[in-house]
file coords_12.cif (mmCIF, C-alpha atoms and all ligand atoms)
data_model
loop_
_atom_site.group_PDB
_atom_site.id
_atom_site.type_symbol
_atom_site.label_atom_id
_atom_site.label_comp_id
_atom_site.auth_asym_id
_atom_site.auth_seq_id
_atom_site.Cartn_x
_atom_site.Cartn_y
_atom_site.Cartn_z
ATOM 1 C CA MET A 290 101.430 64.014 98.163
ATOM 2 C CA THR A 291 103.999 66.734 98.020
ATOM 3 C CA THR A 292 106.857 66.889 100.461
ATOM 4 C CA MET A 293 106.828 69.757 102.921
ATOM 5 C CA ARG A 294 109.635 72.249 102.797
ATOM 6 C CA ASP A 295 112.245 71.658 105.477
ATOM 7 C CA PHE A 296 112.495 74.740 107.705
ATOM 8 C CA SER A 297 114.793 73.095 110.258
ATOM 9 C CA THR A 298 118.061 74.048 108.591
ATOM 10 C CA GLY A 299 117.389 77.647 107.618
ATOM 11 C CA HIS A 300 114.967 80.536 107.697
ATOM 12 C CA GLU A 301 114.749 81.707 104.114
ATOM 13 C CA TRP A 302 110.942 81.402 104.323
ATOM 14 C CA LEU A 303 110.595 83.353 107.552
ATOM 15 C CA SER A 304 108.887 86.713 107.477
ATOM 16 C CA ILE A 305 108.398 89.059 110.398
ATOM 17 C CA ASN A 306 105.163 90.948 110.758
ATOM 18 C CA THR A 307 106.570 94.186 112.074
ATOM 19 C CA ALA A 308 103.909 94.571 114.771
ATOM 20 C CA THR A 309 105.827 91.808 116.560
ATOM 21 C CA VAL A 310 108.566 94.267 117.595
ATOM 22 C CA ARG A 311 106.686 97.520 117.136
ATOM 23 C CA ARG A 312 107.175 98.689 120.687
ATOM 24 C CA GLN A 313 110.927 98.049 120.678
ATOM 25 C CA TRP A 314 111.914 99.606 117.359
ATOM 26 C CA ARG A 315 110.904 101.967 114.619
ATOM 27 C CA LEU A 316 110.318 100.348 111.247
ATOM 28 C CA ASP A 317 113.652 101.377 109.706
ATOM 29 C CA ARG A 318 115.472 99.720 112.610
ATOM 30 C CA ILE A 319 113.292 96.611 112.257
ATOM 31 C CA VAL A 320 114.248 96.308 108.584
ATOM 32 C CA ASP A 321 117.952 96.560 109.456
ATOM 33 C CA GLU A 322 117.701 94.091 112.348
ATOM 34 C CA CYS A 323 115.894 91.583 110.125
ATOM 35 C CA ALA A 324 118.399 92.012 107.280
ATOM 36 C CA LYS A 325 121.277 91.537 109.713
ATOM 37 C CA ARG A 326 119.829 88.153 110.690
ATOM 38 C CA GLY A 327 119.140 86.958 107.176
ATOM 39 C CA ILE A 328 115.391 87.461 107.550
ATOM 40 C CA ARG A 329 114.529 88.483 104.033
ATOM 41 C CA ALA A 330 110.832 89.351 104.347
ATOM 42 C CA ILE A 331 108.651 91.565 106.500
ATOM 43 C CA SER A 332 105.017 92.587 106.614
ATOM 44 C CA PRO A 333 104.726 96.198 107.785
ATOM 45 C CA TRP A 334 101.750 98.160 109.118
ATOM 46 C CA ARG A 335 100.621 101.415 107.571
ATOM 47 C CA ASP A 336 101.200 103.530 110.664
ATOM 48 C CA GLN A 337 104.754 102.212 110.964
ATOM 49 C CA VAL A 338 105.342 102.974 107.288
ATOM 50 C CA ALA A 339 103.960 106.496 107.684
ATOM 51 C CA ALA A 340 106.342 107.103 110.596
ATOM 52 C CA VAL A 341 109.429 106.457 108.455
ATOM 53 C CA GLY A 342 108.018 107.654 105.125
ATOM 54 C CA LEU A 343 106.811 105.516 102.242
ATOM 55 C CA GLN A 344 109.548 106.394 99.768
ATOM 56 C CA ALA A 345 112.293 106.132 102.373
ATOM 57 C CA LEU A 346 111.086 102.649 103.253
ATOM 58 C CA ALA A 347 110.914 101.632 99.586
ATOM 59 C CA ARG A 348 114.555 102.709 99.209
ATOM 60 C CA GLN A 349 115.583 100.853 102.342
ATOM 61 C CA LEU A 350 113.858 97.677 101.162
ATOM 62 C CA ARG A 351 115.766 97.841 97.876
ATOM 63 C CA ALA A 352 119.069 98.592 99.600
ATOM 64 C CA THR A 353 118.735 95.665 102.025
ATOM 65 C CA GLY A 354 117.171 93.251 99.548
ATOM 66 C CA THR A 355 114.122 92.908 101.784
ATOM 67 C CA VAL A 356 110.775 91.870 100.300
ATOM 68 C CA LEU A 357 107.251 91.984 101.694
ATOM 69 C CA SER A 358 105.072 88.977 102.526
ATOM 70 C CA GLY A 359 102.034 91.258 102.733
ATOM 71 C CA TYR A 360 100.961 94.789 103.585
ATOM 72 C CA CYS A 361 98.893 95.500 106.705
ATOM 73 C CA ARG A 362 96.258 96.522 106.163
ATOM 74 C CA GLY A 363 93.140 97.595 104.320
ATOM 75 C CA GLY A 364 89.544 96.879 105.209
ATOM 76 C CA PHE A 365 87.229 98.377 107.844
ATOM 77 C CA PHE A 366 84.592 98.886 105.172
ATOM 78 C CA PRO A 367 81.332 99.363 107.170
ATOM 79 C CA ALA A 368 80.165 102.848 108.125
ATOM 80 C CA VAL A 369 77.025 104.565 109.373
ATOM 81 C CA ASP A 370 76.326 106.488 106.167
ATOM 82 C CA ALA A 371 77.264 106.845 102.493
ATOM 83 C CA ALA A 372 79.952 109.434 103.210
ATOM 84 C CA GLY A 373 81.570 107.052 105.696
ATOM 85 C CA LEU A 374 81.520 104.197 103.186
ATOM 86 C CA ARG A 375 83.182 106.484 100.635
ATOM 87 C CA THR A 376 85.854 107.525 103.140
ATOM 88 C CA ALA A 377 86.585 103.882 103.880
ATOM 89 C CA LEU A 378 86.894 103.057 100.191
ATOM 90 C CA ASP A 379 89.229 106.014 99.602
ATOM 91 C CA ASP A 380 91.413 104.846 102.437
ATOM 92 C CA ASN A 381 91.601 101.384 100.904
ATOM 93 C CA LEU A 382 92.647 102.889 97.584
ATOM 94 C CA ARG A 383 95.495 104.715 99.346
ATOM 95 C CA ALA A 384 96.509 101.442 100.993
ATOM 96 C CA LEU A 385 96.565 99.822 97.543
ATOM 97 C CA ASP A 386 98.822 102.584 96.247
ATOM 98 C CA GLU A 387 101.228 102.125 99.136
ATOM 99 C CA ALA A 388 101.232 98.356 98.681
ATOM 100 C CA CYS A 389 102.190 98.859 95.021
ATOM 101 C CA THR A 390 105.003 101.265 95.910
ATOM 102 C CA LEU A 391 106.399 98.687 98.341
ATOM 103 C CA LYS A 392 105.883 95.836 95.835
ATOM 104 C CA ALA A 393 103.818 93.853 98.324
ATOM 105 C CA PRO A 394 102.486 90.480 97.131
ATOM 106 C CA CYS A 395 99.059 91.344 98.584
ATOM 107 C CA LEU A 396 97.101 93.851 100.637
ATOM 108 C CA VAL A 397 95.702 92.162 103.741
ATOM 109 C CA LEU A 398 92.095 93.039 104.564
ATOM 110 C CA VAL A 399 90.726 93.123 108.088
ATOM 111 C CA VAL A 400 87.217 93.778 106.902
ATOM 112 C CA GLY A 401 85.632 95.565 109.874
ATOM 113 C CA SER A 402 82.266 95.079 111.523
ATOM 114 C CA LEU A 403 79.806 97.172 113.567
ATOM 115 C CA PRO A 404 80.762 100.856 113.174
ATOM 116 C CA GLY A 405 81.870 102.354 116.462
ATOM 117 C CA ALA A 406 82.183 98.999 118.227
ATOM 118 C CA LEU A 407 85.974 99.287 118.370
ATOM 119 C CA GLU A 408 85.518 102.464 120.432
ATOM 120 C CA GLY A 409 82.923 100.759 122.624
ATOM 121 C CA LYS A 410 79.996 102.592 121.002
ATOM 122 C CA PRO A 411 78.406 100.416 118.303
ATOM 123 C CA ALA A 412 76.150 102.583 116.138
ATOM 124 C CA HIS A 413 73.856 99.603 115.505
ATOM 125 C CA ARG A 414 73.717 95.813 115.875
ATOM 126 C CA ASP A 415 72.873 94.799 112.331
ATOM 127 C CA LEU A 416 75.456 92.152 111.483
ATOM 128 C CA ALA A 417 73.722 91.291 108.194
ATOM 129 C CA ARG A 418 74.050 94.929 107.128
ATOM 130 C CA VAL A 419 77.772 95.114 107.825
ATOM 131 C CA ARG A 420 78.350 91.831 106.011
ATOM 132 C CA THR A 421 76.706 93.361 102.952
ATOM 133 C CA GLU A 422 78.785 96.525 103.293
ATOM 134 C CA VAL A 423 81.928 94.415 103.571
ATOM 135 C CA ARG A 424 81.042 92.463 100.466
ATOM 136 C CA ASP A 425 80.340 95.679 98.543
ATOM 137 C CA GLY A 426 83.499 97.316 99.886
ATOM 138 C CA ILE A 427 85.656 94.403 98.786
ATOM 139 C CA ALA A 428 83.961 94.387 95.372
ATOM 140 C CA ALA A 429 84.638 98.106 94.875
ATOM 141 C CA THR A 430 88.242 97.814 96.051
ATOM 142 C CA LEU A 431 88.780 94.750 93.875
ATOM 143 C CA GLU A 432 88.063 96.748 90.707
ATOM 144 C CA HIS A 433 91.003 98.995 91.483
ATOM 145 C CA ALA A 434 93.136 96.159 92.821
ATOM 146 C CA ARG A 435 92.770 94.275 89.534
ATOM 147 C CA ARG A 436 93.841 97.325 87.561
ATOM 148 C CA MET A 437 96.828 97.835 89.854
ATOM 149 C CA LYS A 438 97.650 94.113 89.893
ATOM 150 C CA MET A 439 97.635 94.063 93.685
ATOM 151 C CA PRO A 440 95.887 90.965 95.108
ATOM 152 C CA LEU A 441 93.538 91.390 98.073
ATOM 153 C CA ALA A 442 93.834 88.887 100.931
ATOM 154 C CA ILE A 443 90.786 88.606 103.185
ATOM 155 C CA GLU A 444 91.866 87.658 106.698
ATOM 156 C CA PRO A 445 89.157 85.888 108.694
ATOM 157 C CA LEU A 446 89.384 86.863 112.356
ATOM 158 C CA HIS A 447 88.529 84.728 115.366
ATOM 159 C CA PRO A 448 84.825 85.094 116.248
ATOM 160 C CA MET A 449 85.769 86.852 119.486
ATOM 161 C CA GLN A 450 86.538 89.810 117.185
ATOM 162 C CA ALA A 451 83.212 89.627 115.299
ATOM 163 C CA ALA A 452 81.762 92.842 116.726
ATOM 164 C CA GLU A 453 84.800 95.097 116.591
ATOM 165 C CA ARG A 454 87.210 94.093 113.849
ATOM 166 C CA ALA A 455 85.861 91.600 111.345
ATOM 167 C CA CYS A 456 82.474 90.122 110.521
ATOM 168 C CA ILE A 457 84.270 87.470 108.423
ATOM 169 C CA ASN A 458 85.272 84.834 110.951
ATOM 170 C CA THR A 459 85.983 81.590 109.161
ATOM 171 C CA LEU A 460 87.968 80.560 106.140
ATOM 172 C CA GLU A 461 84.784 79.157 104.617
ATOM 173 C CA GLN A 462 83.059 82.532 104.912
ATOM 174 C CA ALA A 463 86.052 84.314 103.369
ATOM 175 C CA LEU A 464 86.249 81.820 100.500
ATOM 176 C CA ASP A 465 82.524 82.196 99.823
ATOM 177 C CA VAL A 466 83.152 85.915 99.270
ATOM 178 C CA CYS A 467 86.117 85.082 97.034
ATOM 179 C CA ASP A 468 84.035 82.705 94.949
ATOM 180 C CA GLU A 469 81.267 85.258 94.566
ATOM 181 C CA LEU A 470 83.496 88.195 93.590
ATOM 182 C CA ASP A 471 86.222 86.336 91.719
ATOM 183 C CA PRO A 472 84.638 83.158 90.354
ATOM 184 C CA SER A 473 87.458 82.559 87.859
ATOM 185 C CA GLN A 474 90.040 82.308 90.682
ATOM 186 C CA SER A 475 92.124 84.902 88.870
ATOM 187 C CA GLY A 476 94.539 85.386 91.760
ATOM 188 C CA ALA A 477 93.222 88.907 92.387
ATOM 189 C CA LEU A 478 91.309 87.879 95.505
ATOM 190 C CA GLY A 479 92.222 85.338 98.164
ATOM 191 C CA VAL A 480 92.763 84.804 101.853
ATOM 192 C CA ALA A 481 95.337 85.344 104.551
ATOM 193 C CA VAL A 482 95.377 82.267 106.769
ATOM 194 C CA ASP A 483 96.297 83.436 110.277
ATOM 195 C CA LEU A 484 96.468 80.387 112.510
ATOM 196 C CA TYR A 485 95.692 82.441 115.611
ATOM 197 C CA HIS A 486 92.260 83.129 114.144
ATOM 198 C CA VAL A 487 91.396 79.843 112.470
ATOM 199 C CA TRP A 488 93.280 77.055 114.287
ATOM 200 C CA TRP A 489 90.132 75.856 116.126
ATOM 201 C CA ASP A 490 87.980 75.521 112.993
ATOM 202 C CA PRO A 491 86.849 71.907 112.368
ATOM 203 C CA LYS A 492 86.748 72.750 108.655
ATOM 204 C CA LEU A 493 90.254 74.227 108.535
ATOM 205 C CA ALA A 494 91.928 71.435 106.543
ATOM 206 C CA GLN A 495 88.977 71.115 104.213
ATOM 207 C CA GLN A 496 88.809 74.856 103.517
ATOM 208 C CA ILE A 497 92.561 75.205 102.962
ATOM 209 C CA ALA A 498 92.270 72.445 100.369
ATOM 210 C CA ARG A 499 89.310 74.260 98.825
ATOM 211 C CA ALA A 500 91.242 77.527 98.613
ATOM 212 C CA ARG A 501 94.055 76.105 96.517
ATOM 213 C CA ARG A 502 97.173 77.974 95.585
ATOM 214 C CA GLU A 503 95.372 80.787 93.735
ATOM 215 C CA ARG A 504 93.554 81.844 96.903
ATOM 216 C CA LEU A 505 96.240 81.187 99.541
ATOM 217 C CA LEU A 506 98.000 84.543 99.597
ATOM 218 C CA ALA A 507 99.484 84.667 103.090
ATOM 219 C CA PHE A 508 100.197 82.436 106.095
ATOM 220 C CA HIS A 509 100.476 83.999 109.577
ATOM 221 C CA VAL A 510 101.763 82.048 112.556
ATOM 222 C CA CYS A 511 101.994 82.450 116.318
ATOM 223 C CA ASP A 512 100.473 80.329 119.080
ATOM 224 C CA TRP A 513 97.344 80.145 121.241
ATOM 225 C CA LEU A 514 98.213 80.304 124.916
ATOM 226 C CA THR A 515 96.213 78.666 127.677
ATOM 227 C CA PRO A 516 94.892 80.573 129.411
ATOM 228 C CA THR A 517 94.676 83.563 127.083
ATOM 229 C CA ARG A 518 94.777 86.681 129.237
ATOM 230 C CA ASP A 519 93.958 89.307 126.644
ATOM 231 C CA LEU A 520 91.785 88.930 123.551
ATOM 232 C CA LEU A 521 94.080 91.024 121.376
ATOM 233 C CA ASN A 522 97.555 91.232 122.858
ATOM 234 C CA ASP A 523 98.341 87.846 124.371
ATOM 235 C CA ARG A 524 99.430 85.881 121.339
ATOM 236 C CA GLY A 525 102.061 83.254 122.016
ATOM 237 C CA MET A 526 105.424 82.476 120.443
ATOM 238 C CA MET A 527 105.270 79.430 118.176
ATOM 239 C CA GLY A 528 105.695 76.324 120.316
ATOM 240 C CA ASP A 529 104.393 77.903 123.533
ATOM 241 C CA GLY A 530 100.723 77.075 122.971
ATOM 242 C CA VAL A 531 98.291 74.529 121.549
ATOM 243 C CA ILE A 532 98.267 75.180 117.783
ATOM 244 C CA GLU A 533 99.551 72.317 115.620
ATOM 245 C CA ILE A 534 101.467 74.702 113.427
ATOM 246 C CA ARG A 535 103.438 72.224 111.359
ATOM 247 C CA ARG A 536 100.352 70.151 110.615
ATOM 248 C CA ALA A 537 98.572 73.268 109.355
ATOM 249 C CA ARG A 538 101.584 74.256 107.256
ATOM 250 C CA GLY A 539 101.412 70.786 105.762
ATOM 251 C CA TRP A 540 97.833 71.441 104.671
ATOM 252 C CA MET A 541 98.869 74.796 103.185
ATOM 253 C CA GLU A 542 101.717 73.271 101.227
ATOM 254 C CA ALA A 543 99.638 70.315 100.064
ATOM 255 C CA ALA A 544 97.248 72.906 98.619
ATOM 256 C CA GLY A 545 100.130 74.517 96.725
ATOM 257 C CA PHE A 546 101.203 77.324 99.041
ATOM 258 C CA ALA A 547 104.945 77.933 98.828
ATOM 259 C CA GLY A 548 105.295 81.407 100.331
ATOM 260 C CA PHE A 549 106.577 82.904 103.556
ATOM 261 C CA SER A 550 105.621 81.860 107.042
ATOM 262 C CA GLU A 551 104.916 85.227 108.650
ATOM 263 C CA VAL A 552 105.331 85.558 112.397
ATOM 264 C CA GLU A 553 102.715 87.910 113.790
ATOM 265 C CA ILE A 554 102.725 88.246 117.569
ATOM 266 C CA PHE A 555 100.813 90.952 119.411
ATOM 267 C CA SER A 556 101.937 90.328 122.961
ATOM 268 C CA GLU A 557 102.502 92.441 126.024
ATOM 269 C CA HIS A 558 105.015 89.787 127.095
ATOM 270 C CA TRP A 559 107.085 89.839 123.902
ATOM 271 C CA TRP A 560 106.793 93.619 123.520
ATOM 272 C CA GLY A 561 108.441 93.771 126.933
ATOM 273 C CA ARG A 562 111.480 91.733 125.854
ATOM 274 C CA PRO A 563 114.529 93.080 123.983
ATOM 275 C CA GLY A 564 113.949 93.138 120.239
ATOM 276 C CA ASP A 565 117.076 91.030 119.616
ATOM 277 C CA GLU A 566 115.712 88.269 121.825
ATOM 278 C CA VAL A 567 112.332 88.361 120.070
ATOM 279 C CA LEU A 568 113.799 88.062 116.565
ATOM 280 C CA ASP A 569 116.306 85.392 117.591
ATOM 281 C CA THR A 570 113.499 83.399 119.230
ATOM 282 C CA CYS A 571 111.346 83.767 116.094
ATOM 283 C CA ILE A 572 114.194 82.305 114.025
ATOM 284 C CA ALA A 573 114.747 79.404 116.445
ATOM 285 C CA ARG A 574 111.057 78.524 116.677
ATOM 286 C CA HIS A 575 110.556 78.910 112.949
ATOM 287 C CA ARG A 576 113.144 76.177 112.567
ATOM 288 C CA SER A 577 112.014 73.939 115.428
ATOM 289 C CA VAL A 578 108.207 74.105 115.407
ATOM 290 C CA VAL A 579 106.933 75.818 112.235
HETATM 291 ZN ZN ZN B 601 97.324 88.044 110.762
#

call {"tool": "encode", "arguments": {"input": "coords_12.cif", "output": "structure tokens"}}
result
Amino acid sequence: MTTMRDFSTGHEWLSINTATVRRQWRLDRIVDECAKRGIRAISPWRDQVAAVGLQALARQLRATGTVLSGYCRGGFFPAVDAAGLRTALDDNLRALDEACTLKAPCLVLVVGSLPGALEGKPAHRDLARVRTEVRDGIAATLEHARRMKMPLAIEPLHPMQAAERACINTLEQALDVCDELDPSQSGALGVAVDLYHVWWDPKLAQQIARARRERLLAFHVCDWLTPTRDLLNDRGMMGDGVIEIRRARGWMEAAGFAGFSEVEIFSEHWWGRPGDEVLDTCIARHRSVV
């Protein structure tokens, strides 16, 4: 039994997913505000990166000594026709390129599901078909990812997102794909464990142990509020909900994970607070409850 890292006296293992303060600040400001507080890692989103410029961000990361805990995101593989599948793959290859430029440890994949469902107009209802397209899309992306030495992290999403955002909904399902496409556990393919999505899973501890270090590429934390008022944008600050975050971190670390704990909070409440308060609260809760 390994001893868990002690987060109570510092926050060197805290990372901020930049969506957490996306409404308050542009990405360049977020990087500076994190650096000012001794937060040494972030996980940015592609649209935020595009807004400040990829090369400019790369320079700013170097200048501030900031590293990435992941890059958000690739995925959304399914499409209605062959041209759409090709477009999706091309977009993933661009995401891989960007991740390499920013020296990300992994590209996070939100795999997608029924085409058009996100816009309220699902083109069909064939979940088996999109699962196949997702598998094939990951396989095709993985060829390039291996060459570029950029690991892919499949993020299972809560089943409430199964129609719109991801047809991979449990850690077990994600790891089955990993085992099929990367049987040697090379490190090129793994999972992002986001507690918001998987905290309820009766097999969570078992599947984290199954994943082992080679597959555990990212760890995202926030909390599950009761009641939850919005399926996407009502995530809670760590400690304000029902997720046993420290217990889950214990399972991660027992399996060999020793990376960042990335705070990822999409929340109308926290987007409405001053950015300083959000980051300071993230630091305090990282120490007290993560
Ligand atoms: Zn996440």

call {"tool": "axis_aligned_box", "arguments": {"input": "coords_12.cif", "around": "range 303-309 of chain A", "padding_each_side": "3 Å", "output": "lines of an AutoDock Vina configuration file"}}
result
center_x = 107.3
center_y = 89.0
center_z = 112.0
size_x = 12.7
size_y = 17.2
size_z = 15.1

call {"tool": "closest_residue", "arguments": {"input": "coords_12.cif", "among": "A:Phe296, A:Tyr485, A:Trp560, A:Trp540", "to": "Leu446 in chain A", "atoms": "all atoms listed in the file"}}
result
A:Tyr485

call {"tool": "residues_around", "arguments": {"input": "coords_12.cif", "residues": "range 370-386 of chain A", "least_positions_apart": "5", "cutoff": "12 Å", "atoms": "only C-alpha atoms", "output": "number ranges by chain"}}
result
A: 333-336, 338-339, 343-344, 359-365, 391-401, 404-405, 412-413, 418-419, 421-423, 425-442

call {"tool": "write_last_selection", "arguments": {"input": "coords_12.cif", "atoms": "C-alpha atoms", "output": "PDB file, in the coordinates of the input"}}
result
ATOM      1  CA  PRO A 333     104.726  96.198 107.785  1.00  0.00           C
ATOM      2  CA  TRP A 334     101.750  98.160 109.118  1.00  0.00           C
ATOM      3  CA  ARG A 335     100.621 101.415 107.571  1.00  0.00           C
ATOM      4  CA  ASP A 336     101.200 103.530 110.664  1.00  0.00           C
ATOM      5  CA  VAL A 338     105.342 102.974 107.288  1.00  0.00           C
ATOM      6  CA  ALA A 339     103.960 106.496 107.684  1.00  0.00           C
ATOM      7  CA  LEU A 343     106.811 105.516 102.242  1.00  0.00           C
ATOM      8  CA  GLN A 344     109.548 106.394  99.768  1.00  0.00           C
ATOM      9  CA  GLY A 359     102.034  91.258 102.733  1.00  0.00           C
ATOM     10  CA  TYR A 360     100.961  94.789 103.585  1.00  0.00           C
ATOM     11  CA  CYS A 361      98.893  95.500 106.705  1.00  0.00           C
ATOM     12  CA  ARG A 362      96.258  96.522 106.163  1.00  0.00           C
ATOM     13  CA  GLY A 363      93.140  97.595 104.320  1.00  0.00           C
ATOM     14  CA  GLY A 364      89.544  96.879 105.209  1.00  0.00           C
ATOM     15  CA  PHE A 365      87.229  98.377 107.844  1.00  0.00           C
ATOM     16  CA  LEU A 391     106.399  98.687  98.341  1.00  0.00           C
ATOM     17  CA  LYS A 392     105.883  95.836  95.835  1.00  0.00           C
ATOM     18  CA  ALA A 393     103.818  93.853  98.324  1.00  0.00           C
ATOM     19  CA  PRO A 394     102.486  90.480  97.131  1.00  0.00           C
ATOM     20  CA  CYS A 395      99.059  91.344  98.584  1.00  0.00           C
ATOM     21  CA  LEU A 396      97.101  93.851 100.637  1.00  0.00           C
ATOM     22  CA  VAL A 397      95.702  92.162 103.741  1.00  0.00           C
ATOM     23  CA  LEU A 398      92.095  93.039 104.564  1.00  0.00           C
ATOM     24  CA  VAL A 399      90.726  93.123 108.088  1.00  0.00           C
ATOM     25  CA  VAL A 400      87.217  93.778 106.902  1.00  0.00           C
ATOM     26  CA  GLY A 401      85.632  95.565 109.874  1.00  0.00           C
ATOM     27  CA  PRO A 404      80.762 100.856 113.174  1.00  0.00           C
ATOM     28  CA  GLY A 405      81.870 102.354 116.462  1.00  0.00           C
ATOM     29  CA  ALA A 412      76.150 102.583 116.138  1.00  0.00           C
ATOM     30  CA  HIS A 413      73.856  99.603 115.505  1.00  0.00           C
ATOM     31  CA  ARG A 418      74.050  94.929 107.128  1.00  0.00           C
ATOM     32  CA  VAL A 419      77.772  95.114 107.825  1.00  0.00           C
ATOM     33  CA  THR A 421      76.706  93.361 102.952  1.00  0.00           C
ATOM     34  CA  GLU A 422      78.785  96.525 103.293  1.00  0.00           C
ATOM     35  CA  VAL A 423      81.928  94.415 103.571  1.00  0.00           C
ATOM     36  CA  ASP A 425      80.340  95.679  98.543  1.00  0.00           C
ATOM     37  CA  GLY A 426      83.499  97.316  99.886  1.00  0.00           C
ATOM     38  CA  ILE A 427      85.656  94.403  98.786  1.00  0.00           C
ATOM     39  CA  ALA A 428      83.961  94.387  95.372  1.00  0.00           C
ATOM     40  CA  ALA A 429      84.638  98.106  94.875  1.00  0.00           C
ATOM     41  CA  THR A 430      88.242  97.814  96.051  1.00  0.00           C
ATOM     42  CA  LEU A 431      88.780  94.750  93.875  1.00  0.00           C
ATOM     43  CA  GLU A 432      88.063  96.748  90.707  1.00  0.00           C
ATOM     44  CA  HIS A 433      91.003  98.995  91.483  1.00  0.00           C
ATOM     45  CA  ALA A 434      93.136  96.159  92.821  1.00  0.00           C
ATOM     46  CA  ARG A 435      92.770  94.275  89.534  1.00  0.00           C
ATOM     47  CA  ARG A 436      93.841  97.325  87.561  1.00  0.00           C
ATOM     48  CA  MET A 437      96.828  97.835  89.854  1.00  0.00           C
ATOM     49  CA  LYS A 438      97.650  94.113  89.893  1.00  0.00           C
ATOM     50  CA  MET A 439      97.635  94.063  93.685  1.00  0.00           C
ATOM     51  CA  PRO A 440      95.887  90.965  95.108  1.00  0.00           C
ATOM     52  CA  LEU A 441      93.538  91.390  98.073  1.00  0.00           C
ATOM     53  CA  ALA A 442      93.834  88.887 100.931  1.00  0.00           C
TER      54      ALA A 442
END

call {"tool": "closest_residue", "arguments": {"input": "coords_12.cif", "among": "A:His486, A:His509, A:Lys410, A:Arg499", "to": "Gly548 in chain A", "atoms": "only C-alpha atoms"}}
result
A:His509

call {"tool": "resolve_selection", "arguments": {"input": "coords_12.cif", "expression": "the PyMOL selection byres (((chain A and resi 511) around 8) and not hetatm)", "output": "ChimeraX atom specification"}}
result
/A:484-485,509-510,512-513,524-527,552-554

call {"tool": "atom_distance", "arguments": {"input": "coords_12.cif", "atom1": "CA of Ala368 in chain A", "atom2": "CA of Cys467 in chain A"}}
result
21.8 Å

call {"tool": "residues_near_point", "arguments": {"input": "coords_12.cif", "point": "(112.0, 89.8, 105.6)", "cutoff": "7 Å", "atoms": "all atoms listed in the file", "output": "PyMOL selection string"}}
result
chain A and resi 303-305+323-324+328-331+355-357

call {"tool": "write_last_selection", "arguments": {"input": "coords_12.cif", "atoms": "C-alpha atoms", "output": "short mmCIF file (atom, residue, chain, number, x, y, z; two decimals), keeping the file's coordinate frame"}}
result
data_model
loop_
_atom_site.label_atom_id
_atom_site.label_comp_id
_atom_site.auth_asym_id
_atom_site.auth_seq_id
_atom_site.Cartn_x
_atom_site.Cartn_y
_atom_site.Cartn_z
CA LEU A 303 110.60 83.35 107.55
CA SER A 304 108.89 86.71 107.48
CA ILE A 305 108.40 89.06 110.40
CA CYS A 323 115.89 91.58 110.12
CA ALA A 324 118.40 92.01 107.28
CA ILE A 328 115.39 87.46 107.55
CA ARG A 329 114.53 88.48 104.03
CA ALA A 330 110.83 89.35 104.35
CA ILE A 331 108.65 91.56 106.50
CA THR A 355 114.12 92.91 101.78
CA VAL A 356 110.78 91.87 100.30
CA LEU A 357 107.25 91.98 101.69
#

call {"tool": "closest_residue", "arguments": {"input": "coords_12.cif", "among": "A:Leu316, A:Val482, A:Val369, A:Leu505", "to": "ligand ZN 601 (chain B)", "atoms": "all atoms listed in the file"}}
result
A:Val482

call {"tool": "residues_around", "arguments": {"input": "coords_12.cif", "residues": "Thr570 in chain A", "least_positions_apart": "2", "cutoff": "12 Å", "atoms": "all atoms listed in the file", "output": "short mmCIF file (atom, residue, chain, number, x, y, z; two decimals) with C-alpha atoms, in the coordinates of the input"}}
result
data_model
loop_
_atom_site.label_atom_id
_atom_site.label_comp_id
_atom_site.auth_asym_id
_atom_site.auth_seq_id
_atom_site.Cartn_x
_atom_site.Cartn_y
_atom_site.Cartn_z
CA HIS A 300 114.97 80.54 107.70
CA ILE A 305 108.40 89.06 110.40
CA THR A 309 105.83 91.81 116.56
CA ARG A 326 119.83 88.15 110.69
CA CYS A 511 101.99 82.45 116.32
CA GLY A 525 102.06 83.25 122.02
CA MET A 526 105.42 82.48 120.44
CA MET A 527 105.27 79.43 118.18
CA GLY A 528 105.70 76.32 120.32
CA ASP A 529 104.39 77.90 123.53
CA VAL A 552 105.33 85.56 112.40
CA ILE A 554 102.72 88.25 117.57
CA TRP A 559 107.08 89.84 123.90
CA ARG A 562 111.48 91.73 125.85
CA PRO A 563 114.53 93.08 123.98
CA GLY A 564 113.95 93.14 120.24
CA ASP A 565 117.08 91.03 119.62
CA GLU A 566 115.71 88.27 121.82
CA VAL A 567 112.33 88.36 120.07
CA LEU A 568 113.80 88.06 116.56
CA ILE A 572 114.19 82.30 114.02
CA ALA A 573 114.75 79.40 116.44
CA ARG A 574 111.06 78.52 116.68
CA HIS A 575 110.56 78.91 112.95
CA ARG A 576 113.14 76.18 112.57
CA SER A 577 112.01 73.94 115.43
CA VAL A 578 108.21 74.10 115.41
#

call {"tool": "atom_distance", "arguments": {"input": "coords_12.cif", "atom1": "CA of Leu460 in chain A", "atom2": "CA of Pro445 in chain A"}}
result
6.0 Å

call {"tool": "atom_distance", "arguments": {"input": "coords_12.cif", "atom1": "CA of Leu407 in chain A", "atom2": "CA of Ile443 in chain A"}}
result
19.2 Å

call {"tool": "resolve_selection", "arguments": {"input": "coords_12.cif", "expression": "the PyMOL selection byres (((chain A and resi 522) around 8) and not hetatm)", "output": "list in words"}}
result
Asp519, Leu520, Leu521, Asp523, Arg524, Ile554, Phe555, Ser556 and Glu557 of chain A

call {"tool": "write_last_selection", "arguments": {"input": "coords_12.cif", "atoms": "C-alpha atoms", "output": "CSV table (one decimal), in the coordinates of the input"}}
result
chain,number,residue,atom,x,y,z
A,519,ASP,CA,94.0,89.3,126.6
A,520,LEU,CA,91.8,88.9,123.6
A,521,LEU,CA,94.1,91.0,121.4
A,523,ASP,CA,98.3,87.8,124.4
A,524,ARG,CA,99.4,85.9,121.3
A,554,ILE,CA,102.7,88.2,117.6
A,555,PHE,CA,100.8,91.0,119.4
A,556,SER,CA,101.9,90.3,123.0
A,557,GLU,CA,102.5,92.4,126.0
